[in-house]
>>> print(open('data_18.pdb').read())   # PDB, C-alpha atoms
ATOM      1  CA  MET A   1     -15.068  17.220 -38.453
ATOM      2  CA  PRO A   2     -17.473  14.280 -38.063
ATOM      3  CA  LEU A   3     -16.132  10.826 -38.842
ATOM      4  CA  ASP A   4     -17.392   9.039 -41.912
ATOM      5  CA  VAL A   5     -19.921   6.297 -41.316
ATOM      6  CA  SER A   6     -18.048   4.078 -43.808
ATOM      7  CA  LEU A   7     -15.643   3.338 -40.914
ATOM      8  CA  VAL A   8     -18.177   0.945 -39.421
ATOM      9  CA  GLY A   9     -17.028  -2.639 -39.819
ATOM     10  CA  ARG A  10     -13.462  -1.665 -40.628
ATOM     11  CA  ALA A  11     -10.733  -3.631 -38.810
ATOM     12  CA  PHE A  12      -7.387  -1.966 -38.172
ATOM     13  CA  PRO A  13      -4.006  -3.723 -38.276
ATOM     14  CA  SER A  14      -3.127  -5.714 -35.155
ATOM     15  CA  THR A  15      -0.794  -4.087 -32.664
ATOM     16  CA  ARG A  16       2.811  -5.266 -32.426
ATOM     17  CA  PRO A  17       3.084  -8.362 -30.173
ATOM     18  CA  TYR A  18       3.348  -7.256 -26.534
ATOM     19  CA  ARG A  19       5.001  -9.375 -23.853
ATOM     20  CA  VAL A  20       3.293  -9.092 -20.464
ATOM     21  CA  SER A  21       6.134  -8.649 -17.956
ATOM     22  CA  GLU A  22       6.052  -8.926 -14.183
ATOM     23  CA  GLU A  23       7.640  -5.465 -13.936
ATOM     24  CA  LYS A  24       4.921  -3.813 -16.019
ATOM     25  CA  VAL A  25       2.154  -5.634 -14.154
ATOM     26  CA  ARG A  26       3.670  -4.538 -10.816
ATOM     27  CA  GLU A  27       3.865  -0.934 -12.039
ATOM     28  CA  PHE A  28       0.251  -1.036 -13.292
ATOM     29  CA  ALA A  29      -1.004  -2.565 -10.026
ATOM     30  CA  ALA A  30       0.934  -0.010  -7.959
ATOM     31  CA  ALA A  31      -0.727   2.840  -9.874
ATOM     32  CA  ALA A  32      -4.044   1.671  -8.375
ATOM     33  CA  GLY A  33      -2.451   1.244  -4.945
ATOM     34  CA  VAL A  34      -2.088  -2.522  -5.177
ATOM     35  CA  GLY A  35       1.111  -4.263  -4.028
ATOM     36  CA  TRP A  36       1.637  -7.005  -6.630
ATOM     37  CA  GLU A  37       3.793 -10.069  -6.001
ATOM     38  CA  THR A  38       4.837 -12.832  -8.384
ATOM     39  CA  GLY A  39       1.977 -15.310  -8.652
ATOM     40  CA  ASP A  40      -0.752 -12.757  -7.850
ATOM     41  CA  PRO A  41      -3.505 -12.390 -10.457
ATOM     42  CA  VAL A  42      -2.853  -9.764 -13.145
ATOM     43  CA  PRO A  43      -5.138  -6.747 -12.461
ATOM     44  CA  ALA A  44      -8.379  -7.148 -14.408
ATOM     45  CA  THR A  45      -8.046  -3.858 -16.272
ATOM     46  CA  PHE A  46      -4.478  -4.562 -17.466
ATOM     47  CA  PRO A  47      -5.680  -5.428 -21.014
ATOM     48  CA  ILE A  48      -6.377  -1.703 -21.467
ATOM     49  CA  VAL A  49      -2.621  -1.249 -22.006
ATOM     50  CA  LEU A  50      -2.983  -3.130 -25.295
ATOM     51  CA  ALA A  51      -6.463  -1.892 -26.112
ATOM     52  CA  PHE A  52      -5.244   1.677 -25.668
ATOM     53  CA  ASP A  53      -2.375   1.069 -28.106
ATOM     54  CA  ALA A  54      -4.865  -0.229 -30.643
ATOM     55  CA  MET A  55      -7.090   2.818 -30.043
ATOM     56  CA  ASN A  56      -4.180   5.239 -30.500
ATOM     57  CA  ALA A  57      -3.284   3.630 -33.833
ATOM     58  CA  PHE A  58      -6.929   3.878 -34.906
ATOM     59  CA  LEU A  59      -7.177   7.563 -33.896
ATOM     60  CA  ASP A  60      -3.938   8.368 -35.761
ATOM     61  CA  ASP A  61      -5.246   6.580 -38.811
ATOM     62  CA  VAL A  62      -8.538   8.507 -38.891
ATOM     63  CA  GLY A  63      -6.920  11.822 -37.874
ATOM     64  CA  VAL A  64      -8.602  12.314 -34.500
ATOM     65  CA  GLU A  65      -6.786  14.154 -31.733
ATOM     66  CA  LEU A  66      -6.597  12.177 -28.453
ATOM     67  CA  ALA A  67      -7.472  15.282 -26.381
ATOM     68  CA  ARG A  68     -10.898  15.323 -28.070
ATOM     69  CA  ILE A  69     -11.665  11.773 -26.938
ATOM     70  CA  VAL A  70     -13.546  11.028 -23.733
ATOM     71  CA  HIS A  71     -14.083   7.425 -22.709
ATOM     72  CA  GLY A  72     -17.821   6.654 -22.639
ATOM     73  CA  GLU A  73     -17.907   2.987 -21.741
ATOM     74  CA  GLN A  74     -15.520   0.067 -21.306
ATOM     75  CA  ARG A  75     -16.277  -3.601 -20.864
ATOM     76  CA  PHE A  76     -13.969  -6.612 -20.725
ATOM     77  CA  ALA A  77     -14.856 -10.268 -21.230
ATOM     78  CA  TYR A  78     -12.051 -12.695 -20.417
ATOM     79  CA  GLN A  79     -11.574 -16.165 -21.898
ATOM     80  CA  ARG A  80      -8.788 -16.782 -19.411
ATOM     81  CA  PRO A  81      -6.723 -14.684 -16.979
ATOM     82  CA  LEU A  82      -3.694 -12.895 -18.415
ATOM     83  CA  ALA A  83      -0.340 -14.047 -17.080
ATOM     84  CA  PRO A  84       3.208 -12.692 -17.193
ATOM     85  CA  GLY A  85       4.947 -14.210 -20.215
ATOM     86  CA  ASP A  86       1.867 -13.931 -22.422
ATOM     87  CA  VAL A  87       2.613 -12.405 -25.819
ATOM     88  CA  LEU A  88      -0.553 -10.651 -26.952
ATOM     89  CA  SER A  89      -1.721  -8.417 -29.744
ATOM     90  CA  ALA A  90      -4.883  -6.368 -30.064
ATOM     91  CA  THR A  91      -7.009  -6.011 -33.167
ATOM     92  CA  LEU A  92      -9.527  -3.174 -33.181
ATOM     93  CA  ARG A  93     -12.583  -2.886 -35.346
ATOM     94  CA  VAL A  94     -15.193  -0.150 -35.458
ATOM     95  CA  ALA A  95     -18.532  -1.672 -34.497
ATOM     96  CA  SER A  96     -20.759   1.401 -34.581
ATOM     97  CA  LEU A  97     -20.740   5.135 -35.219
ATOM     98  CA  ARG A  98     -23.418   7.692 -34.365
ATOM     99  CA  GLN A  99     -23.413  11.482 -34.350
ATOM    100  CA  ILE A 100     -25.143  13.155 -31.404
ATOM    101  CA  GLY A 101     -25.032  16.897 -30.758
ATOM    102  CA  GLY A 102     -21.867  17.451 -32.786
ATOM    103  CA  ASN A 103     -20.068  14.530 -31.129
ATOM    104  CA  ASP A 104     -19.132  11.219 -32.718
ATOM    105  CA  ILE A 105     -20.028   8.222 -30.572
ATOM    106  CA  ILE A 106     -17.647   5.485 -31.703
ATOM    107  CA  GLY A 107     -18.162   1.877 -30.680
ATOM    108  CA  THR A 108     -15.008  -0.263 -30.901
ATOM    109  CA  VAL A 109     -14.238  -3.901 -30.211
ATOM    110  CA  SER A 110     -10.624  -4.920 -29.576
ATOM    111  CA  GLU A 111      -9.748  -8.584 -29.448
ATOM    112  CA  LEU A 112      -6.607  -9.608 -27.602
ATOM    113  CA  THR A 113      -5.137 -12.827 -28.895
ATOM    114  CA  ASP A 114      -2.123 -14.832 -27.808
ATOM    115  CA  GLU A 115       0.711 -16.254 -29.927
ATOM    116  CA  SER A 116      -1.368 -19.292 -30.874
ATOM    117  CA  GLY A 117      -4.096 -16.965 -32.127
ATOM    118  CA  ALA A 118      -6.435 -17.898 -29.259
ATOM    119  CA  LEU A 119      -8.725 -15.171 -27.973
ATOM    120  CA  VAL A 120      -7.774 -14.093 -24.437
ATOM    121  CA  CYS A 121      -9.901 -11.008 -23.831
ATOM    122  CA  THR A 122     -12.453  -8.899 -25.687
ATOM    123  CA  ALA A 123     -12.358  -5.200 -24.802
ATOM    124  CA  THR A 124     -15.412  -3.242 -25.908
ATOM    125  CA  ALA A 125     -15.210   0.559 -25.751
ATOM    126  CA  THR A 126     -17.373   3.540 -26.515
ATOM    127  CA  LEU A 127     -15.341   6.624 -27.383
ATOM    128  CA  VAL A 128     -16.900  10.076 -27.431
ATOM    129  CA  HIS A 129     -15.186  12.327 -29.969
ATOM    130  CA  ARG A 130     -16.027  15.854 -28.867
ATOM    131  CA  GLY A 131     -16.752  18.089 -31.823
ATOM    132  CA  ASP A 132     -15.349  21.615 -32.208
ATOM    133  CA  ALA A 133     -18.590  23.122 -30.907
ATOM    134  CA  ALA A 134     -18.427  21.149 -27.639
TER     135      ALA A 134
ATOM    136  CA  MET B   1     -12.076 -16.143   2.779
ATOM    137  CA  SER B   2     -15.738 -17.008   3.105
ATOM    138  CA  GLU B   3     -17.878 -17.494   0.045
ATOM    139  CA  LEU B   4     -20.153 -14.690  -1.053
ATOM    140  CA  ARG B   5     -23.923 -15.197  -0.907
ATOM    141  CA  ALA B   6     -26.615 -13.700  -3.137
ATOM    142  CA  GLY B   7     -28.044 -10.520  -1.624
ATOM    143  CA  GLN B   8     -24.974  -9.861   0.515
ATOM    144  CA  ALA B   9     -23.849  -6.217   0.745
ATOM    145  CA  LEU B  10     -20.084  -5.818   0.646
ATOM    146  CA  GLU B  11     -18.122  -3.311   2.720
ATOM    147  CA  PRO B  12     -17.643  -0.170   0.568
ATOM    148  CA  LYS B  13     -14.058   0.754  -0.291
ATOM    149  CA  THR B  14     -12.872   4.356  -0.374
ATOM    150  CA  TYR B  15      -9.841   5.256  -2.459
ATOM    151  CA  PRO B  16      -8.141   8.658  -2.778
ATOM    152  CA  VAL B  17      -7.629  10.141  -6.263
ATOM    153  CA  THR B  18      -4.994  12.859  -6.511
ATOM    154  CA  ARG B  19      -3.287  14.574  -9.442
ATOM    155  CA  ALA B  20      -0.131  12.627  -8.537
ATOM    156  CA  ALA B  21      -2.081   9.361  -8.795
ATOM    157  CA  LEU B  22      -3.286  10.347 -12.287
ATOM    158  CA  VAL B  23       0.275  11.049 -13.434
ATOM    159  CA  ARG B  24       1.367   7.688 -12.099
ATOM    160  CA  TYR B  25      -1.563   5.932 -13.775
ATOM    161  CA  ALA B  26      -0.816   7.711 -17.065
ATOM    162  CA  GLY B  27       2.730   6.364 -17.016
ATOM    163  CA  ALA B  28       1.725   2.851 -16.003
ATOM    164  CA  SER B  29      -1.098   2.531 -18.542
ATOM    165  CA  GLY B  30       0.309   4.531 -21.461
ATOM    166  CA  ASP B  31      -2.761   6.815 -21.480
ATOM    167  CA  PHE B  32      -1.235  10.274 -21.859
ATOM    168  CA  ASN B  33      -4.432  12.063 -22.878
ATOM    169  CA  PRO B  34      -3.733  15.654 -21.690
ATOM    170  CA  ILE B  35      -7.276  16.024 -20.278
ATOM    171  CA  HIS B  36      -5.907  13.939 -17.382
ATOM    172  CA  TRP B  37      -3.051  16.317 -16.546
ATOM    173  CA  SER B  38      -3.617  19.748 -18.138
ATOM    174  CA  ASP B  39      -6.401  22.080 -16.930
ATOM    175  CA  ARG B  40      -5.720  24.260 -19.970
ATOM    176  CA  ILE B  41      -6.428  21.464 -22.429
ATOM    177  CA  ALA B  42      -9.266  19.934 -20.360
ATOM    178  CA  THR B  43     -11.158  23.240 -20.238
ATOM    179  CA  SER B  44     -10.439  23.912 -23.938
ATOM    180  CA  VAL B  45     -12.459  20.797 -24.851
ATOM    181  CA  GLY B  46     -15.326  21.752 -22.543
ATOM    182  CA  LEU B  47     -14.468  19.795 -19.386
ATOM    183  CA  PRO B  48     -14.621  21.463 -15.940
ATOM    184  CA  GLY B  49     -10.907  20.745 -15.395
ATOM    185  CA  VAL B  50      -8.556  17.773 -15.183
ATOM    186  CA  ILE B  51     -10.579  14.561 -14.842
ATOM    187  CA  ALA B  52      -9.456  11.107 -13.785
ATOM    188  CA  HIS B  53      -8.950   8.476 -16.470
ATOM    189  CA  GLY B  54     -12.158   6.443 -16.633
ATOM    190  CA  MET B  55      -9.849   3.449 -16.627
ATOM    191  CA  PHE B  56      -8.223   4.647 -13.390
ATOM    192  CA  THR B  57     -11.670   4.561 -11.760
ATOM    193  CA  MET B  58     -12.212   1.111 -13.253
ATOM    194  CA  ALA B  59      -8.806  -0.026 -11.968
ATOM    195  CA  LEU B  60     -10.002   0.962  -8.478
ATOM    196  CA  VAL B  61     -13.189  -1.034  -9.055
ATOM    197  CA  ALA B  62     -11.047  -4.035 -10.042
ATOM    198  CA  ARG B  63      -9.025  -3.495  -6.855
ATOM    199  CA  ALA B  64     -12.209  -3.519  -4.741
ATOM    200  CA  VAL B  65     -13.453  -6.669  -6.488
ATOM    201  CA  ALA B  66     -10.093  -8.382  -5.867
ATOM    202  CA  GLU B  67     -10.203  -7.346  -2.197
ATOM    203  CA  TRP B  68     -13.767  -8.603  -1.701
ATOM    204  CA  THR B  69     -13.247 -11.907  -3.496
ATOM    205  CA  GLY B  70      -9.702 -12.743  -2.398
ATOM    206  CA  GLY B  71      -8.371 -12.266  -5.925
ATOM    207  CA  ALA B  72     -10.946 -14.439  -7.683
ATOM    208  CA  GLU B  73     -10.633 -14.811 -11.460
ATOM    209  CA  VAL B  74     -12.558 -12.018 -13.188
ATOM    210  CA  VAL B  75     -14.689 -13.192 -16.114
ATOM    211  CA  GLU B  76     -16.386  -9.878 -16.947
ATOM    212  CA  LEU B  77     -15.879  -6.284 -15.861
ATOM    213  CA  GLY B  78     -17.241  -3.020 -17.166
ATOM    214  CA  GLY B  79     -19.362   0.075 -16.939
ATOM    215  CA  LYS B  80     -20.297   3.397 -18.531
ATOM    216  CA  PHE B  81     -18.471   6.555 -17.554
ATOM    217  CA  THR B  82     -21.538   8.641 -16.779
ATOM    218  CA  ASN B  83     -19.963  11.521 -14.836
ATOM    219  CA  PRO B  84     -16.364  12.664 -14.878
ATOM    220  CA  VAL B  85     -14.279  12.396 -11.698
ATOM    221  CA  VAL B  86     -12.931  15.941 -11.451
ATOM    222  CA  VAL B  87      -9.636  16.007  -9.555
ATOM    223  CA  PRO B  88      -8.687  19.363  -7.992
ATOM    224  CA  ASP B  89      -5.058  20.491  -8.055
ATOM    225  CA  ASP B  90      -4.470  20.194  -4.303
ATOM    226  CA  ASP B  91      -2.944  17.630  -1.955
ATOM    227  CA  ALA B  92      -6.233  15.939  -1.025
ATOM    228  CA  GLY B  93      -7.676  15.510  -4.525
ATOM    229  CA  THR B  94     -10.955  13.605  -4.361
ATOM    230  CA  GLU B  95     -12.209  10.114  -3.505
ATOM    231  CA  VAL B  96     -13.842   7.251  -5.342
ATOM    232  CA  ILE B  97     -16.128   5.003  -3.278
ATOM    233  CA  VAL B  98     -16.878   1.503  -4.562
ATOM    234  CA  GLY B  99     -19.795  -0.420  -3.072
ATOM    235  CA  ALA B 100     -21.356  -3.694  -4.181
ATOM    236  CA  THR B 101     -24.125  -6.166  -3.617
ATOM    237  CA  VAL B 102     -23.889  -9.816  -4.627
ATOM    238  CA  LYS B 103     -26.533 -10.186  -7.322
ATOM    239  CA  SER B 104     -26.246 -13.910  -7.912
ATOM    240  CA  VAL B 105     -24.100 -16.972  -7.295
ATOM    241  CA  GLU B 106     -24.732 -19.557 -10.007
ATOM    242  CA  ASP B 107     -22.680 -22.278 -11.691
ATOM    243  CA  GLY B 108     -19.492 -21.120 -10.003
ATOM    244  CA  LEU B 109     -19.960 -17.536 -11.209
ATOM    245  CA  THR B 110     -20.611 -14.681  -8.798
ATOM    246  CA  THR B 111     -22.134 -11.487 -10.235
ATOM    247  CA  LEU B 112     -21.693  -8.209  -8.373
ATOM    248  CA  THR B 113     -23.850  -5.133  -8.854
ATOM    249  CA  LEU B 114     -21.616  -2.180  -8.147
ATOM    250  CA  GLU B 115     -22.168   1.389  -7.078
ATOM    251  CA  VAL B 116     -19.290   3.719  -7.813
ATOM    252  CA  THR B 117     -19.485   7.328  -6.648
ATOM    253  CA  SER B 118     -17.313  10.405  -6.296
ATOM    254  CA  GLY B 119     -18.442  13.572  -4.519
ATOM    255  CA  GLY B 120     -21.862  11.989  -3.970
ATOM    256  CA  GLN B 121     -22.433  11.428  -7.712
ATOM    257  CA  LYS B 122     -22.537   8.108  -9.529
ATOM    258  CA  VAL B 123     -19.569   7.983 -11.886
ATOM    259  CA  LEU B 124     -20.152   4.540 -13.400
ATOM    260  CA  GLY B 125     -23.397   3.506 -15.065
ATOM    261  CA  MET B 126     -24.441  -0.140 -15.186
ATOM    262  CA  PRO B 127     -21.178  -1.288 -13.609
ATOM    263  CA  LYS B 128     -20.887  -5.045 -13.394
ATOM    264  CA  ALA B 129     -18.328  -7.603 -12.364
ATOM    265  CA  VAL B 130     -18.516 -11.375 -12.723
ATOM    266  CA  VAL B 131     -15.951 -13.564 -10.970
ATOM    267  CA  ARG B 132     -15.326 -17.292 -10.828
ATOM    268  CA  GLN B 133     -15.319 -18.257  -7.175
ATOM    269  CA  ALA B 134     -13.250 -21.304  -6.368
ATOM    270  CA  GLY B 135     -15.490 -23.854  -4.715
ATOM    271  CA  ALA B 136     -18.671 -21.882  -5.411
TER     272      ALA B 136
END
>>> encode(input="data_18.pdb", output="structure tokens")
Amino acid sequence: MPLDVSLVGRAFPSTRPYRVSEEKVREFAAAAGVGWETGDPVPATFPIVLAFDAMNAFLDDVGVELARIVHGEQRFAYQRPLAPGDVLSATLRVASLRQIGGNDIIGTVSELTDESGALVCTATATLVHRGDAA
Amino acid sequence: MSELRAGQALEPKTYPVTRAALVRYAGASGDFNPIHWSDRIATSVGLPGVIAHGMFTMALVARAVAEWTGGAEVVELGGKFTNPVVVPDDDAGTEVIVGATVKSVEDGLTTLTLEVTSGGQKVLGMPKAVVRQAGA
């Protein structure tokens, strides 16, 4: 079922505050074959852990099954590097929605902010929701 | 490490991608989309089989960028997932190759134009990384 275009502009509730831990960063780095030591930079794609949480909450809210989602595009812009000890939350809003060939093309923007409310990273994603006919 | 110069081609990096690596990435990232571990579900939504997480490919790109720049601060990173990385259910899996050219070095920011392929096909469209190079 196609998504309703009235979603565009809607912001979803912020994710629960997430503490970036050295253990999680090490695990994430290791999954890409990187040996991470205390003091090393946090892998650049780590913010996806929060952005993905925000996306899951959004998909649940609008009743879309995760298996029907294919990632179309992802971009990150960083105000500063993430660091262990950061407590961050992600707020997702729907920036655009188009229907092409039975698929919904959903543009989302997730802003990661720290405890002071300062923006740390903006994660922009295009999600392709594959329709039943796909 | 030496500073990067505009026009410089960087040594391509080749990384293996196996089913086991996808399972590990799923756990580490929290992305449990079954198209990354179940052929049954992947084919039921029209994919050729289990595909790598786009973000796993991008994590490998971030790894290459960190290796080339000595862990420089990343200011921007991204791309379009133009072709899926299909990962066969065998021990070898497939490979992702990440190449780059230094597009510009300006105001302390180094922009890389990337080429990311798997099985001879480009898997990332308009991939870009911008890093802050200390001393640049």
>>> resolve_selection(input="data_18.pdb", expression="the PyMOL selection byres ((chain A) within 7 of (chain B))", output="list in words")
Glu27, Phe28, Ala31, Ala32, Pro41, Pro43, Ala44, Thr45, Val49, Leu66, Ala67, Arg68, His71, Gly72, Glu73, Gln74, Arg75, Phe76, Ala77, Tyr78, Pro81 and Ala134 of chain A
>>> resolve_selection(input="data_18.pdb", expression="the PyMOL selection byres ((chain B and resi 105) around 12)", output="PyMOL selection string")
chain B and resi 3-8+101-104+106-113+130-136
>>> atom_distance(input="data_18.pdb", atom1="atom CA of A:Asn56", atom2="atom CA of B:Thr43")
21.9 Å
>>> atom_distance(input="data_18.pdb", atom1="atom CA of A:Thr124", atom2="atom CA of A:Met1")
24.0 Å
>>> resolve_selection(input="data_18.pdb", expression="the PyMOL selection byres ((chain A and resi 57) around 12)", output="list in words")
Ala11, Phe12, Pro13, Ser14, Thr15, Arg16, Leu50, Ala51, Phe52, Asp53, Ala54, Met55, Asn56, Phe58, Leu59, Asp60, Asp61, Val62, Gly63, Val64, Glu65, Leu66, Ala90, Thr91, Leu92 and Arg93 of chain A
>>> closest_residue(input="data_18.pdb", among="B:Pro12, B:Gly70, B:Gly120, B:Pro88", to="B:Pro48", atoms="only C-alpha atoms")
B:Pro88
>>> atom_distance(input="data_18.pdb", atom1="atom CA of A:Ile69", atom2="atom CA of A:Gln99")
13.9 Å
>>> closest_residue(input="data_18.pdb", among="A:Val109, A:Val25, A:Leu82, A:Leu127", to="A:Ala95", atoms="all atoms listed in the file")
A:Val109
>>> residues_around(input="data_18.pdb", residues="B:Thr18", least_positions_apart="4", cutoff="8 Å", atoms="only C-alpha atoms", output="PyMOL selection string")
chain B and resi 22+87-94
>>> residues_around(input="data_18.pdb", residues="A:Ile100", least_positions_apart="4", cutoff="12 Å", atoms="all atoms listed in the file", output="mmCIF file with C-alpha atoms, in the coordinates of the input")
data_model
loop_
_atom_site.group_PDB
_atom_site.id
_atom_site.type_symbol
_atom_site.label_atom_id
_atom_site.label_comp_id
_atom_site.auth_asym_id
_atom_site.auth_seq_id
_atom_site.Cartn_x
_atom_site.Cartn_y
_atom_site.Cartn_z
ATOM 1 C CA PRO A 2 -17.473 14.280 -38.063
ATOM 2 C CA LEU A 3 -16.132 10.826 -38.842
ATOM 3 C CA ASP A 104 -19.132 11.219 -32.718
ATOM 4 C CA ILE A 105 -20.028 8.222 -30.572
ATOM 5 C CA ILE A 106 -17.647 5.485 -31.703
ATOM 6 C CA VAL A 128 -16.900 10.076 -27.431
ATOM 7 C CA HIS A 129 -15.186 12.327 -29.969
ATOM 8 C CA ARG A 130 -16.027 15.854 -28.867
ATOM 9 C CA GLY A 131 -16.752 18.089 -31.823
ATOM 10 C CA ALA A 133 -18.590 23.122 -30.907
ATOM 11 C CA ALA A 134 -18.427 21.149 -27.639
#
>>> residues_around(input="data_18.pdb", residues="A:Ala83", least_positions_apart="3", cutoff="8 Å", atoms="all atoms listed in the file", output="ChimeraX atom specification")
/A:20,41-42,86
>>> write_last_selection(input="data_18.pdb", atoms="C-alpha atoms", output="CSV table (one decimal), in the coordinates of the input")
chain,number,residue,atom,x,y,z
A,20,VAL,CA,3.3,-9.1,-20.5
A,41,PRO,CA,-3.5,-12.4,-10.5
A,42,VAL,CA,-2.9,-9.8,-13.1
A,86,ASP,CA,1.9,-13.9,-22.4
>>> residues_around(input="data_18.pdb", residues="A:Trp36", least_positions_apart="3", cutoff="7 Å", atoms="all atoms listed in the file", output="ChimeraX atom specification")
/A:26,29,40
>>> residues_around(input="data_18.pdb", residues="A:Glu115", least_positions_apart="4", cutoff="10 Å", atoms="all atoms listed in the file", output="PyMOL selection string")
chain A and resi 17-18+86-89+119
>>> closest_residue(input="data_18.pdb", among="A:Arg19, A:Ala30, A:Val70, A:Ser96", to="B:Ile51", atoms="only C-alpha atoms")
A:Val70
>>> closest_residue(input="data_18.pdb", among="B:Val50, B:Ser118, B:Val123, B:Ala100", to="B:Ser38", atoms="only C-alpha atoms")
B:Val50
>>> decode(input="data_18.pdb", residues="stretch 2-23 of chain A", atoms="C-alpha atoms", output="compact mmCIF listing (two decimals), in the first residue's frame")
# COMPACT_ATOMS: atom_id res chain seq x y z
CA PRO A 2 1.55 3.35 -1.00
CA LEU A 3 2.38 5.77 1.79
CA ASP A 4 0.34 8.93 2.11
CA VAL A 5 1.98 12.10 0.88
CA SER A 6 0.75 13.91 4.01
CA LEU A 7 3.75 12.31 5.78
CA VAL A 8 6.05 14.87 4.19
CA GLY A 9 7.28 17.36 6.77
CA ARG A 10 6.24 15.20 9.70
CA ALA A 11 8.81 14.82 12.51
CA PHE A 12 8.77 11.68 14.62
CA PRO A 13 9.54 11.54 18.35
CA SER A 14 13.24 11.57 19.24
CA THR A 15 14.86 8.25 20.06
CA ARG A 16 15.69 7.42 23.67
CA PRO A 17 19.07 8.94 24.68
CA TYR A 18 21.88 6.59 23.62
CA ARG A 19 25.26 6.53 25.34
CA VAL A 20 28.14 5.86 22.95
CA SER A 21 30.30 3.25 24.70
CA GLU A 22 33.82 2.12 23.88
CA GLU A 23 32.60 -1.49 23.80
